[in-house]
file target00.cif (mmCIF, C-alpha atoms and all ligand atoms; chains and numbers go by the auth columns)
data_run
loop_
_atom_site.group_PDB
_atom_site.id
_atom_site.type_symbol
_atom_site.label_atom_id
_atom_site.label_comp_id
_atom_site.label_asym_id
_atom_site.label_seq_id
_atom_site.Cartn_x
_atom_site.Cartn_y
_atom_site.Cartn_z
_atom_site.B_iso_or_equiv
_atom_site.auth_seq_id
_atom_site.auth_asym_id
ATOM 1 C CA MET A 1 91.922 -62.131 -51.156 0.00 7 A
ATOM 2 C CA ALA A 2 95.565 -61.757 -52.123 0.00 8 A
ATOM 3 C CA GLU A 3 96.363 -58.171 -53.120 0.00 9 A
ATOM 4 C CA ASN A 4 99.508 -58.934 -55.066 0.00 10 A
ATOM 5 C CA LEU A 5 100.344 -61.630 -57.520 0.00 11 A
ATOM 6 C CA ILE A 6 103.556 -63.527 -57.059 0.00 12 A
ATOM 7 C CA ILE A 7 104.796 -63.656 -60.622 0.00 13 A
ATOM 8 C CA SER A 8 107.022 -66.574 -61.489 0.00 14 A
ATOM 9 C CA THR A 9 110.168 -65.561 -63.328 0.00 15 A
ATOM 10 C CA ALA A 10 110.466 -69.039 -64.835 0.00 16 A
ATOM 11 C CA THR A 11 111.137 -68.996 -68.541 0.00 17 A
ATOM 12 C CA ASP A 12 109.149 -72.212 -68.787 0.00 18 A
ATOM 13 C CA LYS A 13 105.549 -71.174 -69.428 0.00 19 A
ATOM 14 C CA ALA A 14 104.099 -74.341 -67.880 0.00 20 A
ATOM 15 C CA ALA A 15 105.798 -73.353 -64.620 0.00 21 A
ATOM 16 C CA ARG A 16 104.380 -69.835 -64.894 0.00 22 A
ATOM 17 C CA TYR A 17 100.866 -71.197 -65.386 0.00 23 A
ATOM 18 C CA GLU A 18 101.367 -73.610 -62.471 0.00 24 A
ATOM 19 C CA ALA A 19 102.340 -70.701 -60.214 0.00 25 A
ATOM 20 C CA LEU A 20 99.470 -68.548 -61.430 0.00 26 A
ATOM 21 C CA ILE A 21 96.439 -70.815 -61.388 0.00 27 A
ATOM 22 C CA PRO A 22 96.342 -71.489 -57.604 0.00 28 A
ATOM 23 C CA GLN A 23 96.660 -67.730 -57.074 0.00 29 A
ATOM 24 C CA ILE A 24 93.683 -67.151 -59.354 0.00 30 A
ATOM 25 C CA GLU A 25 91.697 -69.670 -57.308 0.00 31 A
ATOM 26 C CA ALA A 26 92.657 -67.811 -54.131 0.00 32 A
ATOM 27 C CA LEU A 27 91.861 -64.455 -55.720 0.00 33 A
ATOM 28 C CA THR A 28 88.349 -65.479 -56.708 0.00 34 A
ATOM 29 C CA THR A 29 87.357 -67.751 -53.820 0.00 35 A
ATOM 30 C CA GLY A 30 84.601 -66.169 -51.736 0.00 36 A
ATOM 31 C CA GLU A 31 83.860 -63.442 -54.306 0.00 37 A
ATOM 32 C CA PRO A 32 80.408 -64.085 -55.806 0.00 38 A
ATOM 33 C CA ASP A 33 80.538 -61.327 -58.435 0.00 39 A
ATOM 34 C CA LEU A 34 81.347 -63.006 -61.752 0.00 40 A
ATOM 35 C CA MET A 35 82.379 -59.841 -63.603 0.00 41 A
ATOM 36 C CA ALA A 36 84.695 -58.784 -60.793 0.00 42 A
ATOM 37 C CA ASN A 37 86.337 -62.207 -60.892 0.00 43 A
ATOM 38 C CA LEU A 38 86.652 -62.235 -64.688 0.00 44 A
ATOM 39 C CA ALA A 39 88.208 -58.762 -64.643 0.00 45 A
ATOM 40 C CA ASN A 40 90.802 -59.887 -62.112 0.00 46 A
ATOM 41 C CA ILE A 41 91.489 -63.101 -64.011 0.00 47 A
ATOM 42 C CA ALA A 42 92.030 -61.172 -67.267 0.00 48 A
ATOM 43 C CA ALA A 43 94.411 -58.789 -65.513 0.00 49 A
ATOM 44 C CA ALA A 44 96.292 -61.623 -63.768 0.00 50 A
ATOM 45 C CA LEU A 45 96.721 -63.623 -66.955 0.00 51 A
ATOM 46 C CA LYS A 46 97.909 -60.652 -68.956 0.00 52 A
ATOM 47 C CA GLN A 47 100.313 -59.501 -66.279 0.00 53 A
ATOM 48 C CA THR A 48 101.776 -62.923 -65.567 0.00 54 A
ATOM 49 C CA MET A 49 101.959 -64.410 -69.036 0.00 55 A
ATOM 50 C CA ASN A 50 102.653 -61.123 -70.810 0.00 56 A
ATOM 51 C CA PHE A 51 99.961 -61.645 -73.405 0.00 57 A
ATOM 52 C CA PHE A 52 98.918 -58.810 -75.726 0.00 58 A
ATOM 53 C CA TRP A 53 95.223 -58.973 -74.855 0.00 59 A
ATOM 54 C CA VAL A 54 93.137 -61.150 -72.552 0.00 60 A
ATOM 55 C CA GLY A 55 89.382 -60.937 -72.248 0.00 61 A
ATOM 56 C CA PHE A 56 86.051 -62.622 -71.910 0.00 62 A
ATOM 57 C CA TYR A 57 83.081 -62.334 -74.228 0.00 63 A
ATOM 58 C CA LEU A 58 79.855 -63.274 -72.482 0.00 64 A
ATOM 59 C CA VAL A 59 76.726 -64.506 -74.229 0.00 65 A
ATOM 60 C CA LYS A 60 73.983 -61.900 -73.813 0.00 66 A
ATOM 61 C CA LYS A 61 71.074 -62.741 -76.091 0.00 67 A
ATOM 62 C CA MET A 62 72.767 -63.153 -79.481 0.00 68 A
ATOM 63 C CA ASN A 63 75.710 -60.896 -78.800 0.00 69 A
ATOM 64 C CA TRP A 64 78.681 -60.657 -76.523 0.00 70 A
ATOM 65 C CA PHE A 65 79.723 -58.269 -73.870 0.00 71 A
ATOM 66 C CA ARG A 66 83.136 -58.375 -72.404 0.00 72 A
ATOM 67 C CA THR A 67 85.617 -57.576 -69.715 0.00 73 A
ATOM 68 C CA PHE A 68 89.268 -57.531 -70.619 0.00 74 A
ATOM 69 C CA SER A 69 92.830 -56.385 -70.048 0.00 75 A
ATOM 70 C CA GLY A 70 94.755 -54.788 -72.894 0.00 76 A
ATOM 71 C CA PRO A 71 94.113 -52.318 -75.721 0.00 77 A
ATOM 72 C CA ILE A 72 90.509 -51.443 -76.613 0.00 78 A
ATOM 73 C CA ALA A 73 88.677 -54.056 -78.659 0.00 79 A
ATOM 74 C CA CYS A 74 85.286 -54.706 -80.200 0.00 80 A
ATOM 75 C CA THR A 75 82.440 -54.852 -77.711 0.00 81 A
ATOM 76 C CA ARG A 76 80.077 -57.239 -79.474 0.00 82 A
ATOM 77 C CA ILE A 77 80.599 -60.325 -81.588 0.00 83 A
ATOM 78 C CA THR A 78 77.762 -62.408 -83.019 0.00 84 A
ATOM 79 C CA MET A 79 77.612 -66.200 -83.089 0.00 85 A
ATOM 80 C CA GLY A 80 79.790 -67.649 -85.834 0.00 86 A
ATOM 81 C CA LYS A 81 81.715 -64.414 -86.422 0.00 87 A
ATOM 82 C CA GLY A 82 85.444 -64.216 -85.885 0.00 88 A
ATOM 83 C CA VAL A 83 87.430 -66.704 -83.864 0.00 89 A
ATOM 84 C CA CYS A 84 85.332 -66.037 -80.748 0.00 90 A
ATOM 85 C CA GLY A 85 82.026 -66.489 -82.536 0.00 91 A
ATOM 86 C CA ALA A 86 83.322 -69.649 -84.221 0.00 92 A
ATOM 87 C CA SER A 87 84.408 -71.098 -80.868 0.00 93 A
ATOM 88 C CA TRP A 88 80.940 -70.299 -79.503 0.00 94 A
ATOM 89 C CA LYS A 89 79.173 -71.874 -82.484 0.00 95 A
ATOM 90 C CA GLU A 90 81.416 -74.943 -82.704 0.00 96 A
ATOM 91 C CA LYS A 91 81.625 -75.316 -78.906 0.00 97 A
ATOM 92 C CA GLN A 92 85.327 -75.999 -79.049 0.00 98 A
ATOM 93 C CA VAL A 93 88.756 -74.570 -78.322 0.00 99 A
ATOM 94 C CA LEU A 94 90.277 -72.805 -81.328 0.00 100 A
ATOM 95 C CA VAL A 95 94.007 -72.189 -81.641 0.00 101 A
ATOM 96 C CA VAL A 96 94.926 -69.794 -84.449 0.00 102 A
ATOM 97 C CA PRO A 97 98.683 -69.658 -85.156 0.00 103 A
ATOM 98 C CA ASP A 98 98.309 -66.817 -87.679 0.00 104 A
ATOM 99 C CA VAL A 99 95.167 -64.694 -87.451 0.00 105 A
ATOM 100 C CA ASP A 100 95.575 -63.507 -91.058 0.00 106 A
ATOM 101 C CA GLU A 101 95.025 -67.104 -92.153 0.00 107 A
ATOM 102 C CA PHE A 102 91.725 -67.441 -90.256 0.00 108 A
ATOM 103 C CA ARG A 103 88.825 -66.608 -92.535 0.00 109 A
ATOM 104 C CA GLY A 104 86.589 -64.045 -90.873 0.00 110 A
ATOM 105 C CA HIS A 105 89.041 -63.154 -88.106 0.00 111 A
ATOM 106 C CA ILE A 106 87.977 -59.902 -86.447 0.00 112 A
ATOM 107 C CA ALA A 107 91.060 -57.696 -86.263 0.00 113 A
ATOM 108 C CA CYS A 108 90.658 -55.500 -83.205 0.00 114 A
ATOM 109 C CA SER A 109 94.351 -54.626 -83.458 0.00 115 A
ATOM 110 C CA SER A 110 96.855 -55.156 -86.248 0.00 116 A
ATOM 111 C CA ASP A 111 99.372 -56.024 -83.517 0.00 117 A
ATOM 112 C CA SER A 112 97.521 -59.226 -82.690 0.00 118 A
ATOM 113 C CA LYS A 113 99.175 -62.105 -84.554 0.00 119 A
ATOM 114 C CA SER A 114 97.953 -65.330 -82.964 0.00 120 A
ATOM 115 C CA GLU A 115 95.041 -66.231 -80.750 0.00 121 A
ATOM 116 C CA ILE A 116 93.458 -68.940 -78.599 0.00 122 A
ATOM 117 C CA VAL A 117 89.766 -69.005 -77.696 0.00 123 A
ATOM 118 C CA LEU A 118 88.238 -71.386 -75.136 0.00 124 A
ATOM 119 C CA PRO A 119 84.503 -71.732 -74.447 0.00 125 A
ATOM 120 C CA ALA A 120 83.073 -72.143 -70.931 0.00 126 A
ATOM 121 C CA PHE A 121 79.870 -74.111 -70.500 0.00 127 A
ATOM 122 C CA LYS A 122 76.861 -74.232 -68.203 0.00 128 A
ATOM 123 C CA ASN A 123 74.284 -76.967 -68.834 0.00 129 A
ATOM 124 C CA ASN A 124 76.066 -77.805 -72.104 0.00 130 A
ATOM 125 C CA GLU A 125 75.607 -74.274 -73.450 0.00 131 A
ATOM 126 C CA VAL A 126 78.408 -71.783 -74.047 0.00 132 A
ATOM 127 C CA VAL A 127 78.115 -68.997 -71.484 0.00 133 A
ATOM 128 C CA LEU A 128 81.318 -67.138 -72.305 0.00 134 A
ATOM 129 C CA VAL A 129 84.627 -67.497 -74.109 0.00 135 A
ATOM 130 C CA LEU A 130 88.112 -66.708 -72.892 0.00 136 A
ATOM 131 C CA ASP A 131 90.007 -64.955 -75.698 0.00 137 A
ATOM 132 C CA VAL A 132 93.786 -64.546 -75.497 0.00 138 A
ATOM 133 C CA ASP A 133 95.770 -62.688 -78.153 0.00 139 A
ATOM 134 C CA SER A 134 99.506 -62.593 -78.694 0.00 140 A
ATOM 135 C CA ASP A 135 101.577 -60.122 -80.674 0.00 141 A
ATOM 136 C CA LYS A 136 103.750 -63.053 -81.793 0.00 142 A
ATOM 137 C CA LEU A 137 102.902 -65.550 -84.490 0.00 143 A
ATOM 138 C CA ASN A 138 102.250 -69.153 -83.418 0.00 144 A
ATOM 139 C CA ASP A 139 102.438 -68.307 -79.714 0.00 145 A
ATOM 140 C CA PHE A 140 99.901 -70.855 -78.410 0.00 146 A
ATOM 141 C CA ASP A 141 100.410 -74.588 -78.088 0.00 147 A
ATOM 142 C CA LYS A 142 99.192 -77.597 -76.112 0.00 148 A
ATOM 143 C CA ILE A 143 100.718 -76.176 -72.908 0.00 149 A
ATOM 144 C CA ASP A 144 98.544 -73.054 -73.164 0.00 150 A
ATOM 145 C CA GLU A 145 95.520 -75.124 -74.101 0.00 151 A
ATOM 146 C CA LYS A 146 96.007 -77.452 -71.120 0.00 152 A
ATOM 147 C CA HIS A 147 96.433 -74.718 -68.515 0.00 153 A
ATOM 148 C CA LEU A 148 93.831 -72.357 -69.932 0.00 154 A
ATOM 149 C CA THR A 149 91.378 -75.273 -70.039 0.00 155 A
ATOM 150 C CA GLN A 150 92.101 -75.809 -66.339 0.00 156 A
ATOM 151 C CA LEU A 151 91.428 -72.118 -65.750 0.00 157 A
ATOM 152 C CA VAL A 152 88.156 -72.293 -67.681 0.00 158 A
ATOM 153 C CA GLY A 153 87.179 -75.207 -65.407 0.00 159 A
ATOM 154 C CA ILE A 154 87.643 -72.899 -62.402 0.00 160 A
ATOM 155 C CA ILE A 155 85.500 -70.256 -64.121 0.00 161 A
ATOM 156 C CA GLU A 156 82.774 -72.813 -64.945 0.00 162 A
ATOM 157 C CA ARG A 157 82.389 -73.509 -61.233 0.00 163 A
ATOM 158 C CA MET A 158 81.472 -69.802 -60.790 0.00 164 A
ATOM 159 C CA LEU A 159 78.734 -69.889 -63.445 0.00 165 A
HETATM 160 N N1 LIG B . 90.005 -61.552 -82.839 0.00 201 A
HETATM 161 C C1 LIG B . 88.748 -61.852 -82.202 0.00 201 A
HETATM 162 C C2 LIG B . 88.028 -60.602 -81.814 0.00 201 A
HETATM 163 C C3 LIG B . 88.314 -60.119 -80.437 0.00 201 A
HETATM 164 S S1 LIG B . 89.802 -59.402 -80.298 0.00 201 A
HETATM 165 O O1 LIG B . 90.853 -60.335 -80.641 0.00 201 A
HETATM 166 C C4 LIG B . 90.052 -58.835 -78.804 0.00 201 A
HETATM 167 C C5 LIG B . 87.913 -62.702 -83.112 0.00 201 A
HETATM 168 O O2 LIG B . 88.240 -62.873 -84.294 0.00 201 A
HETATM 169 O O3 LIG B . 86.893 -63.199 -82.649 0.00 201 A
#

call {"tool": "encode", "arguments": {"input": "target00.cif", "output": "structure tokens"}}
result
Amino acid sequence: MAENLIISTATDKAARYEALIPQIEALTTGEPDLMANLANIAAALKQTMNFFWVGFYLVKKMNWFRTFSGPIACTRITMGKGVCGASWKEKQVLVVPDVDEFRGHIACSSDSKSEIVLPAFKNNEVVLVLDVDSDKLNDFDKIDEKHLTQLVGIIERML
């Protein structure tokens, strides 16, 4: 396992994702512990892409439990609640350019301004969501969606 991330200094975020994702694969290959891998992935994404908060909410009965990197946040979210719960219920990626405009958004921090949530599936059921928050409005676009979807694909192979 690599001990240090090589962080691209490219200003182009696609290039930063392209440098990061193979390192995440290397970091997690051979490690069977899902939570250990998710914790490292959250830390790597936050550190490399300079997001405000990165975490995973995992389906446990009807609630969520999570591992994350960033300021403290809510521990449990029920299906349909907030952006994460909506992504779980609707089984789709949600990009929220302005969290104040999303009805039912759960504000863990007033510094969070925009958000992207991607579900990961096993046997067609949502097993967890990747939640990424930014302290800038409208910070997520198709480039983030494409590369984070690729990352979720790597995570799905661990499930
Ligand atoms: N904003 C999320 C809650 C989790 S925090 O952003 C870390 C939501 O509405 O589901």

call {"tool": "residues_around", "arguments": {"input": "target00.cif", "residues": "A:Leu154", "least_positions_apart": "6", "cutoff": "10 Å", "atoms": "all atoms listed in the file", "output": "list in words"}}
result
Tyr23, Ile27, Leu51, Ile122, Val123, Leu124, Leu136, Val138, Lys148 and Ile160 of chain A

call {"tool": "closest_residue", "arguments": {"input": "target00.cif", "among": "A:Met55, A:Cys90, A:Met164, A:Ala126", "to": "ligand LIG 201 (chain A)", "atoms": "only C-alpha atoms and all ligand atoms"}}
result
A:Cys90

call {"tool": "residues_near_ligand", "arguments": {"input": "target00.cif", "ligand": "ligand LIG 201 (chain A)", "cutoff": "8 Å", "atoms": "all atoms listed in the file", "output": "PyMOL selection string"}}
result
chain A and resi 59-61+78-80+83+87-92+105+110-115+118+121+137-139

call {"tool": "closest_residue", "arguments": {"input": "target00.cif", "among": "A:Asp150, A:Glu131, A:Asp117, A:Glu31", "to": "A:Glu96", "atoms": "only C-alpha atoms"}}
result
A:Glu131

call {"tool": "residues_around", "arguments": {"input": "target00.cif", "residues": "A:Thr34", "least_positions_apart": "4", "cutoff": "10 Å", "atoms": "all atoms listed in the file", "output": "ChimeraX atom specification"}}
result
/A:7-8,29-30,38-40,42-44,46-47,160-161,164

call {"tool": "atom_distance", "arguments": {"input": "target00.cif", "atom1": "atom CA of A:Asn56", "atom2": "atom CA of A:Thr84"}}
result
27.8 Å

call {"tool": "atom_distance", "arguments": {"input": "target00.cif", "atom1": "atom CA of A:Arg82", "atom2": "atom CA of A:Val135"}}
result
12.4 Å

call {"tool": "closest_residue", "arguments": {"input": "target00.cif", "among": "A:Ser14, A:Thr81, A:Gln98, A:Ser120", "to": "A:Asp147", "atoms": "all atoms listed in the file"}}
result
A:Ser120

call {"tool": "build_atoms", "arguments": {"input": "target00.cif", "residues": "stretch 97-108 of chain A", "atoms": "all heavy atoms", "output": "CSV table (one decimal), in the frame of the given file"}}
result
chain,number,residue,atom,x,y,z
A,97,LYS,N,81.5,-74.8,-80.3
A,97,LYS,CA,81.6,-75.3,-78.9
A,97,LYS,C,83.0,-76.0,-78.7
A,97,LYS,O,83.0,-77.1,-78.1
A,97,LYS,CB,80.5,-76.3,-78.5
A,97,LYS,CG,79.1,-75.6,-78.5
A,97,LYS,CD,78.0,-76.6,-78.1
A,97,LYS,CE,76.7,-75.9,-77.8
A,97,LYS,NZ,75.7,-76.7,-77.3
A,98,GLN,N,84.0,-75.4,-79.2
A,98,GLN,CA,85.3,-76.0,-79.0
A,98,GLN,C,86.4,-75.0,-78.9
A,98,GLN,O,86.3,-73.8,-79.4
A,98,GLN,CB,85.6,-77.0,-80.2
A,98,GLN,CG,85.7,-76.4,-81.5
A,98,GLN,CD,86.0,-77.4,-82.6
A,98,GLN,OE1,85.9,-78.6,-82.4
A,98,GLN,NE2,86.5,-77.0,-83.7
A,99,VAL,N,87.6,-75.4,-78.4
A,99,VAL,CA,88.8,-74.6,-78.3
A,99,VAL,C,89.3,-74.3,-79.7
A,99,VAL,O,89.4,-75.3,-80.5
A,99,VAL,CB,89.8,-75.3,-77.4
A,99,VAL,CG1,91.1,-74.4,-77.4
A,99,VAL,CG2,89.3,-75.5,-76.0
A,100,LEU,N,89.6,-73.1,-80.0
A,100,LEU,CA,90.3,-72.8,-81.3
A,100,LEU,C,91.6,-72.2,-81.1
A,100,LEU,O,91.7,-71.2,-80.3
A,100,LEU,CB,89.4,-71.9,-82.2
A,100,LEU,CG,88.1,-72.4,-82.6
A,100,LEU,CD1,87.3,-71.4,-83.4
A,100,LEU,CD2,88.2,-73.7,-83.5
A,101,VAL,N,92.7,-72.7,-81.7
A,101,VAL,CA,94.0,-72.2,-81.6
A,101,VAL,C,94.3,-71.7,-83.0
A,101,VAL,O,94.2,-72.5,-84.0
A,101,VAL,CB,95.0,-73.3,-81.2
A,101,VAL,CG1,96.4,-72.7,-81.2
A,101,VAL,CG2,94.7,-73.8,-79.8
A,102,VAL,N,94.7,-70.4,-83.1
A,102,VAL,CA,94.9,-69.8,-84.4
A,102,VAL,C,96.4,-69.3,-84.5
A,102,VAL,O,96.7,-68.3,-83.9
A,102,VAL,CB,93.9,-68.6,-84.7
A,102,VAL,CG1,94.2,-68.0,-86.0
A,102,VAL,CG2,92.5,-69.1,-84.6
A,103,PRO,N,97.3,-70.0,-85.2
A,103,PRO,CA,98.7,-69.7,-85.2
A,103,PRO,C,99.0,-68.3,-85.9
A,103,PRO,O,99.9,-67.6,-85.6
A,103,PRO,CB,99.4,-70.8,-85.9
A,103,PRO,CG,98.4,-71.9,-86.1
A,103,PRO,CD,97.0,-71.3,-85.9
A,104,ASP,N,98.1,-68.1,-86.9
A,104,ASP,CA,98.3,-66.8,-87.7
A,104,ASP,C,96.9,-66.3,-88.0
A,104,ASP,O,96.2,-66.8,-88.8
A,104,ASP,CB,99.1,-67.1,-89.0
A,104,ASP,CG,99.3,-65.9,-89.8
A,104,ASP,OD1,98.7,-64.8,-89.5
A,104,ASP,OD2,100.0,-66.0,-90.8
A,105,VAL,N,96.5,-65.2,-87.3
A,105,VAL,CA,95.2,-64.7,-87.5
A,105,VAL,C,94.8,-64.3,-88.9
A,105,VAL,O,93.7,-64.4,-89.3
A,105,VAL,CB,94.9,-63.5,-86.5
A,105,VAL,CG1,95.0,-64.0,-85.0
A,105,VAL,CG2,95.8,-62.3,-86.7
A,106,ASP,N,95.8,-63.9,-89.7
A,106,ASP,CA,95.6,-63.5,-91.1
A,106,ASP,C,95.1,-64.7,-91.9
A,106,ASP,O,94.6,-64.5,-93.0
A,106,ASP,CB,96.8,-62.9,-91.7
A,106,ASP,CG,97.1,-61.5,-91.1
A,106,ASP,OD1,96.1,-60.9,-90.5
A,106,ASP,OD2,98.2,-61.0,-91.1
A,107,GLU,N,95.4,-65.9,-91.4
A,107,GLU,CA,95.0,-67.1,-92.2
A,107,GLU,C,93.6,-67.6,-91.7
A,107,GLU,O,93.2,-68.6,-92.3
A,107,GLU,CB,96.1,-68.2,-91.9
A,107,GLU,CG,97.5,-67.9,-92.3
A,107,GLU,CD,97.6,-67.8,-93.8
A,107,GLU,OE1,97.0,-68.6,-94.5
A,107,GLU,OE2,98.3,-66.8,-94.3
A,108,PHE,N,93.0,-67.0,-90.7
A,108,PHE,CA,91.7,-67.4,-90.3
A,108,PHE,C,90.6,-66.6,-91.0
A,108,PHE,O,90.5,-65.4,-90.7
A,108,PHE,CB,91.6,-67.3,-88.7
A,108,PHE,CG,90.4,-67.9,-88.1
A,108,PHE,CD1,90.4,-69.2,-87.6
A,108,PHE,CD2,89.2,-67.2,-88.1
A,108,PHE,CE1,89.3,-69.7,-87.0
A,108,PHE,CE2,88.0,-67.7,-87.6
A,108,PHE,CZ,88.1,-69.0,-87.0
